[in-house]
Amino acid sequence: MAEITLVEGINLALARAMSEDENVVVYGEDVGLNGGVFRATVGLQERFGRDRVMDTPLSETLIGGMAVGMAAQGLRPVAEIQFMGFIYPTIDQLLNHASRMRTRTRGRLTCPMVLRTPHGGGIHAPEHHSESTETLLIHIPGLRVVIPSSPARAYGLLLASIRDPDPVVFLEPTRIYRLARQEVVDDGEALPLDVCFTLREGTDVTLIAWGAMVQETLEAADALAEQGVSAEVIDAATLKPLDMGTILASVEKTGRCVVVHEAARTLGLGAEIGAELAEKGLLFLMAPVKRVTGYDTVMPLPRTEMRYLPSVPRIVKAVREALEFA
Amino acid sequence: MAEITLVEGINLALARAMSEDENVVVYGEDVGLNGGVFRATVGLQERFGRDRVMDTPLSETLIGGMAVGMAAQGLRPVAEIQFMGFIYPTIDQLLNHASRMRTRTRGRLTCPMVLRTPHGGGIHAPEHHSESTETLLIHIPGLRVVIPSSPARAYGLLLASIRDPDPVVFLEPTRIYRLARQEVVDDGEALPLDVCFTLREGTDVTLIAWGAMVQETLEAADALAEQGVSAEVIDAATLKPLDMGTILASVEKTGRCVVVHEAARTLGLGAEIGAELAEKGLLFLMAPVKRVTGYDTVMPLPRTEMRYLPSVPRIVKAVREALEFA
Amino acid sequence: MTTVAQFEVEFTRILDETGQLVGSLPDSLSDPQSLVPLYRLMVLTRAFDAKAISLQRTGQLGTYASSLGQEAIGTAVGTAMRADDVLAPTYREQAAQFARGVAMSDLLIYWGGDERGSDFEKCREDFPICVPIGTQCCHAVGAAYAFKIRKQPRVAVCMLGDGATSRGDFYEAMNIAGVWKLPVVFLVNNNQWAISVPRSAQSAAETLAQKSIAAGFEGLQVDGNDVFAVRWAIERAFERARSGDGPTLIEALTYRLHDHTTADSAARYRSEDEVEAMRQRDPLKRTRAYLESQGQWTDDDEKRLQEECAEEVEAAVNTYQASEMLGPEAMFDYLFESLPSQLVAQRDAAIADAAEAAEERADG
Amino acid sequence: MTTVAQFEVEFTRILDETGQLVGSLPDSLSDPQSLVPLYRLMVLTRAFDAKAISLQRTGQLGTYASSLGQEAIGTAVGTAMRADDVLAPTYREQAAQFARGVAMSDLLIYWGGDERGSDFEKCREDFPICVPIGTQCCHAVGAAYAFKIRKQPRVAVCMLGDGATSRGDFYEAMNIAGVWKLPVVFLVNNNQWAISVPRSAQSAAETLAQKSIAAGFEGLQVDGNDVFAVRWAIERAFERARSGDGPTLIEALTYRLHDHTTADSAARYRSEDEVEAMRQRDPLKRTRAYLESQGQWTDDDEKRLQEECAEEVEAAVNTYQASEMLGPEAMFDYLFESLPSQLVAQRDAAIADAAEAAEERADG
Ligand SMILES: Cc1ncc(C[n+]2csc(CCOP(=O)(O)OP(=O)(O)O)c2C)c(N)n1
Ligand SMILES: Cc1ncc(C[n+]2csc(CCOP(=O)(O)OP(=O)(O)O)c2C)c(N)n1
Ligand SMILES: [Mg+2]
Ligand SMILES: [Mg+2]
């Protein structure tokens, strides 16, 4: 059992899936010999050959659309978009085809594809390299959207995504690609694609986050614990379909909810959680549902990007406001 | 003063804007001699010439991106995407460029463009012709998203959108393009781009809708009135930035809120409204915030599309549930 | 200055407008009897189109796109394909789909607004009709890639219109097909119009065939109203594809004789004179003339064929009209392999609402 | 079979690798003195690149993309443009931007992660550096359209890499430029690599120049390490554009001597031998050799130039390092011409949070 990073967890899951099922093919820009700009696909081409690990031309529309054709033939394409800021040309194919192929053909053709892409800011990357626009994908019916926040969840959720018979967008939080190491057993065990992970139990407030923000949120929970506040921390993980059951049960217990995401506030996934609470939580909500999010403005260039991202103090402050509500 | 339809209101505003400002150019597929597949641009090419009303090749990515270049040169491009289902290739340009040009260059270059597109279902159109995916646009910081629900608002909001110094996506509800006629004075008066329109005052519940769903919602309000329920009806109209002030004030008065939209439920704009109420409405909300929406599934082909769209009975039922909550 | 690359685009016609051979038939059509099925399919397609239009005009069908005048292309393509090849069609390739085994009733069901029309009984790996223009190009190369790495001698056929050649998808797909030498054929039905936009406004390229030069493989132009020429070109392309030589682009020159769809009025943007001139190049007329000249066809044959086609079409209409409406659960039941629990409540609500609506209709 | 279209792609070199003229200089460069500024700009760009890399390596700059070995292209393009033309650059056209008047300090500020680096003092209508590959092609044609309908004799120049030629945007933009005869030049910096993807894996097209054939206009290939050849080609393209003859595609053959960016290690995917061989084709070396052979350049001149460039670069670094961080309000103040009231609360919160964070830093 090795201690590995999140990005190594991705790599391990890819290798596992490829060795289990010869229909799995991995492709994208620079995923071959170069092993991906974040090294997520390192070693795969050497191990599985150039037919199954392919560098494509620089064509994002094609990267998205080709997967639909491959999947219709029973391949299990796992395509990479090099950064989330370059995923937009694939939306046409994701929305009009990938997510609809089964519906359109009454199940005659299906689309078991995965589109992987690095997600989020905080790594001082160039312009357009720090995006967290999961909303554009979450809103699409028929698509699953998944994001891990630990090496083990990266491994288990990616395996599940590749095995899933329907299209999945798999987001990878760059900021924690190498933040921490964790023991991950390469046992081929997948994680479920429709449940949240309760990372810490608590009684005073429910904190919900995903991706890199889970880290900030856990740190905020630590800070709150020092102040005597018991926070429950949930990693949403499968953003679509979202496990509102777990979230509602938690908020029913704590009475308070703060959602943390780096995506822009308006119609970030926090909106859906808030709206669900506004519908189903009125009898137990003891405080306003707070959203600590990126602003409704453009992600700044790296010198000031941290101002945009939710920080531990911003999370703590929101929790304090919720606690002080009366 | 003529009684005109909504689509004629669009045409009137386009003609007005073009005659006021020679920088306004109108382009897209079939907008020239053919006058647009819905006749929205009819007569414009004849009147303003082929330099200012241009049929483009069948290239949606280009249609979106060319506007950015034109606008940087001080033109005021008003581009048409033939149906909302074909807007997705423009998202790359809208998100990475149009909405950011001012920010990226500290105001050196700007992007006063309008992207018009028909919105929504219910007209028995072919596959992919009945989309209501405004969420994908609303979430984009720096973009305005507007949708009228009457001939007069079509005229006034489109004029405002064209004159606005920043990028606007202007959605046009096909289902009510020709539903009703209204007197519209071609006086060049624009409407504000950041306020909701309260169409009917009421005391028991606030109904919020936009586009074609305003019609269903007003009918539901009629039905409710017969049952002795007084519904306030708000046309959100400017979906981004959304005038939450008006909405909050209304719900503070009525204590209940039902949002109606044809977009899929998850992260439809109803989510943002619900979440805002979960944050700011706890002290006055008397009932769960209900969302009557399209389902989180693919818009069906025309034979069964009405099943997908919110109907008067569905709206009335949601209001009744809100009223019966205790 | 040195010349570093040179290209030519060739145009091929085998059967001229008057029904005379001006080239030699492909080997596969050397038996005169083999020509009759081609003619038959063209006539059947035309009968189907006419019926569909009349159904639409009488409120019995949704918007419909006729292939009038372009039947030779789909006929040649569909009949040249092997059963296990894959077709990625537009909405205007009825003949190709019929040749593939798509039931006429399925196309009516589809245009009648019902998803089951894309659940073909045969050619189950063919893609459904693609409405977002050009997007099918990416699907075809994806399928072709699967054929290639599995070492299957199969070909993916991507059909598209002249308008579609302006989409980036077409180009990105061609480019990868070229560099990966994929077994795919791009067949451009150049019917001179993309709704109201004429070919001349779509691209300054002298031919659409030359667009493949950008992707480093051969493009050729054929008379698309000449079913023999299209067959010749596609067979050649198939041979190349199956022997590992990669993709081919074929531009088939034809003309859209009908409005773009039933929702369009072409009279707004083109002259009746132009259309009339193009009617002279009709693919059916010339094929029939040739068959007659070869003693393969008589007026009686024609009459019988017309009757047969009318009957077949009528049978399809009956099947279509007998199809019951989908239930509300159908919105949910094909979204995922198994419905996530999160959607069960929505499904239940949809079923309940539909039941209530039905009751109300019954009451009212 | 008739040939319906024919095309050729020409390659041009004026100055060979050893610094010998193998063709004739464009008229604009007939005065030997006019060559020195070209050489100077290339040397300055190289000095800038080297400094930027060292700043990045020492944590004083963000990710940076060097133009090492490709300086001739930007130099030729930037110096050939008129002030009121418009440039749509990538991140690898420093020389072109400097020629346009972009301050070196601005590029440092940009790569240092500050939006103000795109607020150029001169060439205020030039587009900022474009990171999403290929997307700038659409901007260039949009600007060119404005020039055309306003009957201004201006040209938009779109620079892009070999990788970018695989993007649909490039093709859609070329296609409309061709059919609308827009005054735009597409200049492909073919440095043989798109990160780790070699030119051969990017497209089967024998040349990238031929991609314009798909759009119906001329494409030509030049030695991109030959500043004279690039100048010749772009001047010719400008002439065409300004006289209403529409767009041109120029493929400039060069080589990316450095890693893709400071975040890349090219050793993973290409051999040092290949790179070493390409170093022999260095554009600076050959230009200097030619100047020397013409008695226009001495070792002293070289020494003085190197010193001058180092000073200029140093001054830019100082300006960069003196720039203060943007305030939190800056996130909001350029989003719209005037901030919608809906965003005021967010702006206030950002300012308050920044203040609190600053306080905490002061305390801690
Ligand atoms: C991406 C996209 N844009 C626009 C449309 C609307 N539309 C439907 S058909 C058509 C013209 C297509 O022309 P062409 O490719 O020549 O095919 P044809 O209809 O002539 O067979 C347009 C613009 C669409 N369906 N998809
Ligand atoms: C749309 C898009 N996809 C991917 C990337 C990531 N990326 C940055 S540079 C690059 C390669 C570009 O190659 P090329 O066009 O040849 O330009 P070069 O860097 O060689 O100058 C890639 C893939 C990007 N910036 N934009
Ligand atoms: Mg056409
Ligand atoms: Mg390159």
# chains A, B, ... in the order shown; residues from 1 in each chain; ligands from 1

call {"tool": "select_by_dssp", "arguments": {"residues": "range 55-177 of chain A", "states": "helix (DSSP H, G or I)", "output": "PyMOL selection string"}}
result
chain A and resi 60-72+84-86+88-98+101-104+135-138+151-163+174-176

call {"tool": "write_last_selection", "arguments": {"atoms": "C-alpha atoms", "output": "PDB file, in the first residue's frame"}}
result
ATOM      1  CA  GLU A  60     -11.498  20.583 -28.323  1.00  0.00           C
ATOM      2  CA  THR A  61     -14.757  20.348 -30.241  1.00  0.00           C
ATOM      3  CA  LEU A  62     -13.465  17.151 -31.745  1.00  0.00           C
ATOM      4  CA  ILE A  63     -12.209  15.809 -28.427  1.00  0.00           C
ATOM      5  CA  GLY A  64     -15.710  16.084 -27.050  1.00  0.00           C
ATOM      6  CA  GLY A  65     -17.506  14.867 -30.132  1.00  0.00           C
ATOM      7  CA  MET A  66     -15.249  11.981 -31.025  1.00  0.00           C
ATOM      8  CA  ALA A  67     -16.004  10.427 -27.658  1.00  0.00           C
ATOM      9  CA  VAL A  68     -19.653  10.207 -28.643  1.00  0.00           C
ATOM     10  CA  GLY A  69     -18.767   8.250 -31.749  1.00  0.00           C
ATOM     11  CA  MET A  70     -16.333   5.999 -29.940  1.00  0.00           C
ATOM     12  CA  ALA A  71     -18.785   5.293 -27.158  1.00  0.00           C
ATOM     13  CA  ALA A  72     -21.514   4.443 -29.646  1.00  0.00           C
ATOM     14  CA  MET A  84     -11.381  23.664 -17.641  1.00  0.00           C
ATOM     15  CA  GLY A  85     -11.086  27.045 -19.383  1.00  0.00           C
ATOM     16  CA  PHE A  86     -10.872  25.143 -22.659  1.00  0.00           C
ATOM     17  CA  TYR A  88     -16.439  25.178 -23.565  1.00  0.00           C
ATOM     18  CA  PRO A  89     -16.191  23.990 -27.176  1.00  0.00           C
ATOM     19  CA  THR A  90     -17.210  20.535 -25.924  1.00  0.00           C
ATOM     20  CA  ILE A  91     -20.484  21.742 -24.425  1.00  0.00           C
ATOM     21  CA  ASP A  92     -22.252  21.502 -27.765  1.00  0.00           C
ATOM     22  CA  GLN A  93     -21.420  17.813 -27.969  1.00  0.00           C
ATOM     23  CA  LEU A  94     -22.007  17.129 -24.280  1.00  0.00           C
ATOM     24  CA  LEU A  95     -25.390  18.779 -24.272  1.00  0.00           C
ATOM     25  CA  ASN A  96     -26.731  18.008 -27.722  1.00  0.00           C
ATOM     26  CA  HIS A  97     -25.315  14.523 -28.065  1.00  0.00           C
ATOM     27  CA  ALA A  98     -23.456  12.793 -25.242  1.00  0.00           C
ATOM     28  CA  MET A 101     -27.787   9.723 -27.170  1.00  0.00           C
ATOM     29  CA  ARG A 102     -29.526   7.147 -24.987  1.00  0.00           C
ATOM     30  CA  THR A 103     -32.705   9.181 -24.782  1.00  0.00           C
ATOM     31  CA  ARG A 104     -32.744  10.048 -28.454  1.00  0.00           C
ATOM     32  CA  THR A 135     -22.515  24.927 -13.289  1.00  0.00           C
ATOM     33  CA  LEU A 136     -22.488  24.805 -17.078  1.00  0.00           C
ATOM     34  CA  LEU A 137     -22.196  21.028 -16.863  1.00  0.00           C
ATOM     35  CA  ILE A 138     -24.350  20.368 -13.806  1.00  0.00           C
ATOM     36  CA  PRO A 151      -6.453  10.654  -3.399  1.00  0.00           C
ATOM     37  CA  ALA A 152      -8.740   7.809  -2.369  1.00  0.00           C
ATOM     38  CA  ARG A 153     -11.847   9.508  -3.621  1.00  0.00           C
ATOM     39  CA  ALA A 154     -10.035  10.402  -6.838  1.00  0.00           C
ATOM     40  CA  TYR A 155      -9.264   6.742  -7.374  1.00  0.00           C
ATOM     41  CA  GLY A 156     -12.661   5.406  -6.418  1.00  0.00           C
ATOM     42  CA  LEU A 157     -14.749   8.030  -8.143  1.00  0.00           C
ATOM     43  CA  LEU A 158     -12.772   7.936 -11.364  1.00  0.00           C
ATOM     44  CA  LEU A 159     -13.060   4.161 -11.538  1.00  0.00           C
ATOM     45  CA  ALA A 160     -16.790   4.489 -11.012  1.00  0.00           C
ATOM     46  CA  SER A 161     -17.008   7.184 -13.674  1.00  0.00           C
ATOM     47  CA  ILE A 162     -15.208   5.088 -16.251  1.00  0.00           C
ATOM     48  CA  ARG A 163     -17.361   2.062 -15.513  1.00  0.00           C
ATOM     49  CA  THR A 174      -5.440  21.199  -9.463  1.00  0.00           C
ATOM     50  CA  ARG A 175      -4.738  22.993  -6.232  1.00  0.00           C
ATOM     51  CA  ILE A 176      -4.782  19.730  -4.303  1.00  0.00           C
TER      52      ILE A 176
END

call {"tool": "interface_residues", "arguments": {"of": "chain A", "to": "chain D", "cutoff": "6 Å", "atoms": "only C-alpha atoms", "output": "PDB file with all heavy atoms, in the first residue's frame"}}
result
ATOM      1  N   ASP A  30      -1.476  16.092 -25.367  1.00  0.00           N
ATOM      2  CA  ASP A  30      -0.277  15.855 -24.557  1.00  0.00           C
ATOM      3  C   ASP A  30      -0.438  14.763 -23.501  1.00  0.00           C
ATOM      4  O   ASP A  30       0.326  14.719 -22.541  1.00  0.00           O
ATOM      5  CB  ASP A  30       0.183  17.156 -23.869  1.00  0.00           C
ATOM      6  CG  ASP A  30       0.362  18.290 -24.865  1.00  0.00           C
ATOM      7  OD1 ASP A  30       1.298  18.195 -25.667  1.00  0.00           O
ATOM      8  OD2 ASP A  30      -0.448  19.234 -24.870  1.00  0.00           O
ATOM      9  N   ASN A  34       4.113  12.631 -23.245  1.00  0.00           N
ATOM     10  CA  ASN A  34       4.322  13.656 -22.220  1.00  0.00           C
ATOM     11  C   ASN A  34       3.615  13.321 -20.909  1.00  0.00           C
ATOM     12  O   ASN A  34       3.916  13.887 -19.859  1.00  0.00           O
ATOM     13  CB  ASN A  34       3.839  15.015 -22.743  1.00  0.00           C
ATOM     14  CG  ASN A  34       4.314  16.179 -21.887  1.00  0.00           C
ATOM     15  OD1 ASN A  34       5.460  16.197 -21.458  1.00  0.00           O
ATOM     16  ND2 ASN A  34       3.434  17.131 -21.635  1.00  0.00           N
ATOM     17  N   PRO A  57      -4.803  16.114 -32.123  1.00  0.00           N
ATOM     18  CA  PRO A  57      -4.560  17.501 -32.521  1.00  0.00           C
ATOM     19  C   PRO A  57      -5.271  18.457 -31.549  1.00  0.00           C
ATOM     20  O   PRO A  57      -6.080  18.030 -30.717  1.00  0.00           O
ATOM     21  CB  PRO A  57      -5.178  17.569 -33.922  1.00  0.00           C
ATOM     22  CG  PRO A  57      -5.212  16.161 -34.409  1.00  0.00           C
ATOM     23  CD  PRO A  57      -5.450  15.327 -33.185  1.00  0.00           C
ATOM     24  N   LEU A  58      -4.965  19.720 -31.683  1.00  0.00           N
ATOM     25  CA  LEU A  58      -5.493  20.727 -30.755  1.00  0.00           C
ATOM     26  C   LEU A  58      -6.919  21.114 -31.146  1.00  0.00           C
ATOM     27  O   LEU A  58      -7.144  22.174 -31.733  1.00  0.00           O
ATOM     28  CB  LEU A  58      -4.550  21.934 -30.755  1.00  0.00           C
ATOM     29  CG  LEU A  58      -4.400  22.705 -29.457  1.00  0.00           C
ATOM     30  CD1 LEU A  58      -3.163  23.582 -29.481  1.00  0.00           C
ATOM     31  CD2 LEU A  58      -5.632  23.472 -29.090  1.00  0.00           C
ATOM     32  N   SER A  59      -7.862  20.257 -30.825  1.00  0.00           N
ATOM     33  CA  SER A  59      -9.235  20.397 -31.331  1.00  0.00           C
ATOM     34  C   SER A  59     -10.230  19.999 -30.254  1.00  0.00           C
ATOM     35  O   SER A  59     -10.649  18.848 -30.178  1.00  0.00           O
ATOM     36  CB  SER A  59      -9.435  19.479 -32.544  1.00  0.00           C
ATOM     37  OG  SER A  59      -8.450  19.645 -33.516  1.00  0.00           O
ATOM     38  N   LEU A 301      -6.218  37.470 -12.561  1.00  0.00           N
ATOM     39  CA  LEU A 301      -4.920  36.861 -12.857  1.00  0.00           C
ATOM     40  C   LEU A 301      -4.242  36.520 -11.515  1.00  0.00           C
ATOM     41  O   LEU A 301      -4.632  37.014 -10.463  1.00  0.00           O
ATOM     42  CB  LEU A 301      -4.082  37.820 -13.698  1.00  0.00           C
ATOM     43  CG  LEU A 301      -4.555  38.015 -15.145  1.00  0.00           C
ATOM     44  CD1 LEU A 301      -3.505  38.766 -15.962  1.00  0.00           C
ATOM     45  CD2 LEU A 301      -4.879  36.704 -15.813  1.00  0.00           C
ATOM     46  N   PRO A 302      -3.209  35.660 -11.583  1.00  0.00           N
ATOM     47  CA  PRO A 302      -2.686  35.042 -10.360  1.00  0.00           C
ATOM     48  C   PRO A 302      -2.266  35.993  -9.229  1.00  0.00           C
ATOM     49  O   PRO A 302      -2.389  35.633  -8.057  1.00  0.00           O
ATOM     50  CB  PRO A 302      -1.455  34.263 -10.848  1.00  0.00           C
ATOM     51  CG  PRO A 302      -1.573  34.139 -12.302  1.00  0.00           C
ATOM     52  CD  PRO A 302      -2.611  35.079 -12.796  1.00  0.00           C
ATOM     53  N   ARG A 303      -1.833  37.173  -9.578  1.00  0.00           N
ATOM     54  CA  ARG A 303      -1.313  38.001  -8.488  1.00  0.00           C
ATOM     55  C   ARG A 303      -2.385  38.283  -7.436  1.00  0.00           C
ATOM     56  O   ARG A 303      -2.083  38.434  -6.249  1.00  0.00           O
ATOM     57  CB  ARG A 303      -0.766  39.320  -9.057  1.00  0.00           C
ATOM     58  CG  ARG A 303       0.173  40.016  -8.087  1.00  0.00           C
ATOM     59  CD  ARG A 303       0.946  41.134  -8.761  1.00  0.00           C
ATOM     60  NE  ARG A 303       1.669  41.905  -7.762  1.00  0.00           N
ATOM     61  CZ  ARG A 303       2.141  43.128  -7.945  1.00  0.00           C
ATOM     62  NH1 ARG A 303       1.977  43.724  -9.115  1.00  0.00           N
ATOM     63  NH2 ARG A 303       2.772  43.753  -6.975  1.00  0.00           N
TER      64      ARG A 303
END

call {"tool": "interface_residues", "arguments": {"of": "chain B", "to": "chain A", "cutoff": "7 Å", "atoms": "only C-alpha atoms", "output": "NGL selection string"}}
result
:B and (88-89 or 91-92 or 100 or 136 or 139 or 141-142 or 266-267 or 269 or 271-272 or 274-275 or 277-280 or 282 or 288-290 or 296-298)

call {"tool": "interface_residues", "arguments": {"of": "chain C", "to": "chain D", "cutoff": "7 Å", "atoms": "only C-alpha atoms", "output": "PyMOL selection string"}}
result
chain C and resi 1-12+166-169+171-172+175-176+178-179+201-206+210-211+213-216

call {"tool": "residues_around", "arguments": {"residues": "range 75-89 of chain C", "least_positions_apart": "4", "cutoff": "9 Å", "atoms": "only C-alpha atoms", "output": "PyMOL selection string"}}
result
chain C and resi 38-39+41-42+45+71+93-100+123-130+136-137+139-140+143-144+153-160+187+227-232+234-235+238

call {"tool": "write_last_selection", "arguments": {"atoms": "C-alpha atoms", "output": "CSV table (one decimal), in the first residue's frame"}}
result
chain,number,residue,atom,x,y,z
C,38,LEU,CA,-31.1,2.0,-57.5
C,39,TYR,CA,-33.9,3.6,-59.6
C,41,LEU,CA,-35.0,3.4,-54.2
C,42,MET,CA,-35.0,6.9,-55.8
C,45,THR,CA,-37.8,8.1,-51.7
C,71,GLU,CA,-32.2,11.2,-54.1
C,93,GLU,CA,-30.6,11.5,-46.5
C,94,GLN,CA,-33.8,9.5,-46.5
C,95,ALA,CA,-32.7,7.3,-49.4
C,96,ALA,CA,-29.5,6.4,-47.6
C,97,GLN,CA,-31.4,5.5,-44.5
C,98,PHE,CA,-33.9,3.4,-46.4
C,99,ALA,CA,-31.1,1.6,-48.1
C,100,ARG,CA,-29.6,0.9,-44.7
C,123,CYS,CA,-28.6,-0.8,-38.8
C,124,ARG,CA,-28.7,-0.5,-35.1
C,125,GLU,CA,-25.3,1.0,-35.0
C,126,ASP,CA,-26.1,3.8,-37.3
C,127,PHE,CA,-26.3,7.3,-35.8
C,128,PRO,CA,-29.7,8.9,-35.5
C,129,ILE,CA,-30.5,11.9,-37.8
C,130,CYS,CA,-28.3,14.8,-36.8
C,136,GLN,CA,-22.1,14.3,-36.7
C,137,CYS,CA,-18.6,14.7,-38.3
C,139,HIS,CA,-19.2,11.0,-34.3
C,140,ALA,CA,-18.2,9.5,-37.5
C,143,ALA,CA,-16.7,5.3,-34.8
C,144,ALA,CA,-14.0,5.0,-37.4
C,153,PRO,CA,-12.8,-3.6,-42.2
C,154,ARG,CA,-15.7,-1.2,-41.5
C,155,VAL,CA,-16.2,2.3,-42.7
C,156,ALA,CA,-18.0,5.2,-41.1
C,157,VAL,CA,-19.9,7.5,-43.6
C,158,CYS,CA,-20.6,11.0,-42.6
C,159,MET,CA,-23.1,12.9,-44.7
C,160,LEU,CA,-23.3,16.6,-44.5
C,187,LEU,CA,-19.9,13.0,-48.3
C,227,VAL,CA,-26.3,7.9,-59.2
C,228,PHE,CA,-23.6,6.0,-61.0
C,229,ALA,CA,-20.9,8.6,-60.4
C,230,VAL,CA,-21.7,8.8,-56.7
C,231,ARG,CA,-21.6,5.0,-56.5
C,232,TRP,CA,-18.2,5.0,-58.3
C,234,ILE,CA,-18.0,6.1,-52.8
C,235,GLU,CA,-16.9,2.7,-53.7
C,238,PHE,CA,-14.5,2.6,-49.3

call {"tool": "select_by_dssp", "arguments": {"residues": "range 235-338 of chain C", "states": "strand (DSSP E or B)", "output": "NGL selection string"}}
result
:C and (248-253)

call {"tool": "write_last_selection", "arguments": {"atoms": "N, CA, C and O atoms", "output": "PDB file, in the first residue's frame"}}
result
ATOM      1  N   THR C 248     -11.643   9.973 -47.296  1.00  0.00           N
ATOM      2  CA  THR C 248     -11.884  10.654 -48.571  1.00  0.00           C
ATOM      3  C   THR C 248     -13.021  11.640 -48.372  1.00  0.00           C
ATOM      4  O   THR C 248     -13.947  11.373 -47.604  1.00  0.00           O
ATOM      5  N   LEU C 249     -12.922  12.754 -49.055  1.00  0.00           N
ATOM      6  CA  LEU C 249     -14.031  13.704 -49.089  1.00  0.00           C
ATOM      7  C   LEU C 249     -14.643  13.671 -50.480  1.00  0.00           C
ATOM      8  O   LEU C 249     -13.928  13.762 -51.480  1.00  0.00           O
ATOM      9  N   ILE C 250     -15.946  13.523 -50.519  1.00  0.00           N
ATOM     10  CA  ILE C 250     -16.644  13.539 -51.806  1.00  0.00           C
ATOM     11  C   ILE C 250     -17.652  14.673 -51.794  1.00  0.00           C
ATOM     12  O   ILE C 250     -18.490  14.750 -50.895  1.00  0.00           O
ATOM     13  N   GLU C 251     -17.555  15.533 -52.763  1.00  0.00           N
ATOM     14  CA  GLU C 251     -18.565  16.571 -52.927  1.00  0.00           C
ATOM     15  C   GLU C 251     -19.489  16.151 -54.056  1.00  0.00           C
ATOM     16  O   GLU C 251     -19.048  15.980 -55.196  1.00  0.00           O
ATOM     17  N   ALA C 252     -20.745  15.990 -53.716  1.00  0.00           N
ATOM     18  CA  ALA C 252     -21.724  15.590 -54.725  1.00  0.00           C
ATOM     19  C   ALA C 252     -22.571  16.803 -55.077  1.00  0.00           C
ATOM     20  O   ALA C 252     -23.315  17.318 -54.242  1.00  0.00           O
ATOM     21  N   LEU C 253     -22.453  17.243 -56.319  1.00  0.00           N
ATOM     22  CA  LEU C 253     -23.163  18.451 -56.750  1.00  0.00           C
ATOM     23  C   LEU C 253     -24.608  18.128 -57.088  1.00  0.00           C
ATOM     24  O   LEU C 253     -24.883  17.319 -57.967  1.00  0.00           O
TER      25      LEU C 253
END
